[in-house]
Amino acid sequence: MRTGNYNSAFCGSRADRAGFTLIEILAVIGIIGLLAAATLVAVGGSRGFFRAATAKMRLDDVAQAVELYKQKFGEYPPDCCATDAEIQHHILKRWPKSLKNRAGMPDMVAFARAEMTRTPGSALLFWLAGPPEIVPVAGSTETACEYQGFFSDPINPFGLGLTDVEMEKELRVEPLIELTFDSGKSNGNYNENGFVFNGQVMAYFRATPKKGYDFKDYHWSGPELSVAPYMKGGRWFMPDSFQLILPGEDGIYSTVDSCVGEESEEEHAHGHHGDFEPHDLNDPDSISPEDMDNITNFSNGATLESEKD
């Protein structure tokens with residue numbers, strides 16, 4: 001009798017607990033949500049790390065081409081902040097016979113400057129790949145800047161004054177780096193603004209011997225996209241060579257204005273006026289959070305954050 005009552009009571013409690021309670025279901029849903037969120041964060045972080053590592057490899061390819069350039073021509077290419085005198089000096093250093101074209105030298109300097117100052121990265125693309133030519137993109141109505149190298153004529157390497165027919169007949173010196181156009185739909189290594197990764201433009205700064213990067217500053221599309229060379233503890237990174245900088249996942253170099261003073265926008269853009277305040281990783285006032293995911297040729301890891309501490 002006692003045993004039967006016990007079994008009856010036990011079976012009743014099982015019946016009362018058939019299925020899951022609402023609280024249990026909500027708890028399980030909550031746990032699943034947390035696991036899913038953690039998985040998405042992990043996957044997103046892995047993708048971000050992969051993109052940064054891939055961008056670093058792209059940047060290192062360009063850096064190798066810049067080193068090859070110095071081996072061939074004796075110095076690194078001028079950057080977007082070069083003066084007319086620096087540009088002329090470099091033209092004569094690379095093409096000594098161009099001195100015979102004294103009358104055309106001002107036009108050569110002006111042509112080079114126009115190509116070098118469009119963006120922070122256009123100078124490097126110009127010196128490594130030559131003057132651009134506008135060509136149609138196959139299968140679309142768009143056009144692209146195609147770079148076939150400089151002309152082989154050492155007196156007129158830019159091909160100034162040549163007709164289209166004459167340009168087609170002139171021999172070219174191939175670019176120092178393999179070029180693939182990035183139309184925004186592909187993953188090429190350059191577009192009309194310079195060397196790129198996923199459409200983001202690579203900035204280039206050349207060090208001045210024994211002076212570093214004083215007055216090397218460039219604002220592109222407004223102060224929110226300001227880009228400048230980096231220091232750490234008052235010392236320049238790569239003080240005798242060059243800095244390459246890619247904006248990271250956020251697509252922004254920095255939100256810190258590196259040039260203070262009352263100058264015109266054009267003067268500000270080229271950094272030759274006003275007081276230059278470099279980006280120093282040890283100075284919180286000169287570094288913004290947007291700097292940390294930038295990818296450079298001098299950081300220990302893929303991003304600048306690895307250099308902060």
# chains A, B, ... in the order shown; residues from 1 in each chain; ligands from 1
call {"tool": "residues_around", "arguments": {"residues": "Ser152 of chain A", "least_positions_apart": "3", "cutoff": "6 Å", "atoms": "only C-alpha atoms", "output": "MDAnalysis selection string"}}
result
chainID A and resid 171:173
call {"tool": "closest_residue", "arguments": {"among": "A:Asp257, A:Met231, A:Ser306, A:Leu162", "to": "Leu281 of chain A", "atoms": "only C-alpha atoms"}}
result
A:Met231
call {"tool": "residues_around", "arguments": {"residues": "Glu249 of chain A", "least_positions_apart": "6", "cutoff": "9 Å", "atoms": "only C-alpha atoms", "output": "list of chain:residue names"}}
result
A:Gly48, A:Arg51, A:Ala52, A:Asp293, A:Asn294
call {"tool": "write_last_selection", "arguments": {"atoms": "C-alpha atoms", "output": "short mmCIF file (atom, residue, chain, number, x, y, z; two decimals), in the first residue's frame"}}
result
data_model
loop_
_atom_site.label_atom_id
_atom_site.label_comp_id
_atom_site.auth_asym_id
_atom_site.auth_seq_id
_atom_site.Cartn_x
_atom_site.Cartn_y
_atom_site.Cartn_z
CA GLY A 48 39.59 41.93 -39.40
CA ARG A 51 42.34 41.82 -43.76
CA ALA A 52 44.97 43.68 -41.75
CA ASP A 293 44.16 50.43 -36.63
CA ASN A 294 46.35 52.11 -39.25
#
call {"tool": "residues_around", "arguments": {"residues": "Tyr204 of chain A", "least_positions_apart": "2", "cutoff": "10 Å", "atoms": "only C-alpha atoms", "output": "count of residues only"}}
result
26
call {"tool": "atom_distance", "arguments": {"atom1": "atom CA of Ala103 of chain A", "atom2": "atom CA of Glu192 of chain A"}}
result
29.5 Å
call {"tool": "residues_around", "arguments": {"residues": "segment 282-285 of chain A", "least_positions_apart": "2", "cutoff": "7 Å", "atoms": "only C-alpha atoms", "output": "short mmCIF file (atom, residue, chain, number, x, y, z; two decimals) with N, CA and C atoms, in the first residue's frame"}}
result
data_model
loop_
_atom_site.label_atom_id
_atom_site.label_comp_id
_atom_site.auth_asym_id
_atom_site.auth_seq_id
_atom_site.Cartn_x
_atom_site.Cartn_y
_atom_site.Cartn_z
N LYS A 232 57.45 58.33 -31.98
CA LYS A 232 57.22 57.64 -30.71
C LYS A 232 58.24 58.15 -29.71
N GLY A 233 57.73 58.81 -28.67
CA GLY A 233 58.62 59.38 -27.67
C GLY A 233 59.53 60.44 -28.22
N ASP A 280 52.58 61.71 -32.33
CA ASP A 280 53.47 60.97 -31.43
C ASP A 280 52.65 59.97 -30.63
N ILE A 287 47.28 61.86 -30.90
CA ILE A 287 46.86 60.56 -31.43
C ILE A 287 45.37 60.37 -31.13
#
call {"tool": "closest_residue", "arguments": {"among": "A:Asn191, A:Ser254, A:Tyr213, A:Pro157", "to": "Lys97 of chain A", "atoms": "only C-alpha atoms"}}
result
A:Pro157
call {"tool": "select_by_dssp", "arguments": {"residues": "segment 70-275 of chain A", "states": "strand (DSSP E or B)", "output": "PyMOL selection string"}}
result
chain A and resi 132-136+143-147+150-151+172-173+181+190-191+194-197+200-201+203-206+208+212+218-219+226-227+230-232+235-236+242-246+259-260+275
call {"tool": "atom_distance", "arguments": {"atom1": "atom CA of Asp291 of chain A", "atom2": "atom CA of Tyr253 of chain A"}}
result
5.8 Å
call {"tool": "closest_residue", "arguments": {"among": "A:Leu34, A:Ala85, A:Ala203, A:Ile252", "to": "Arg118 of chain A", "atoms": "only C-alpha atoms"}}
result
A:Ala203
call {"tool": "residues_around", "arguments": {"residues": "Pro154 of chain A", "least_positions_apart": "5", "cutoff": "12 Å", "atoms": "only C-alpha atoms", "output": "JSON, numbers by chain"}}
result
{"A": [91, 92, 93, 94, 95, 96, 97, 98, 99, 100, 101, 159, 170, 171, 172, 173]}
call {"tool": "closest_residue", "arguments": {"among": "A:Thr208, A:Pro278, A:Pro132, A:Val196", "to": "Gly251 of chain A", "atoms": "only C-alpha atoms"}}
result
A:Val196
call {"tool": "atom_distance", "arguments": {"atom1": "atom CA of Arg113 of chain A", "atom2": "atom CA of Asn193 of chain A"}}
result
14.2 Å
call {"tool": "residues_around", "arguments": {"residues": "Ile295 of chain A", "least_positions_apart": "6", "cutoff": "8 Å", "atoms": "only C-alpha atoms", "output": "ChimeraX atom specification"}}
result
/A:52,55-56,245-248,302-304
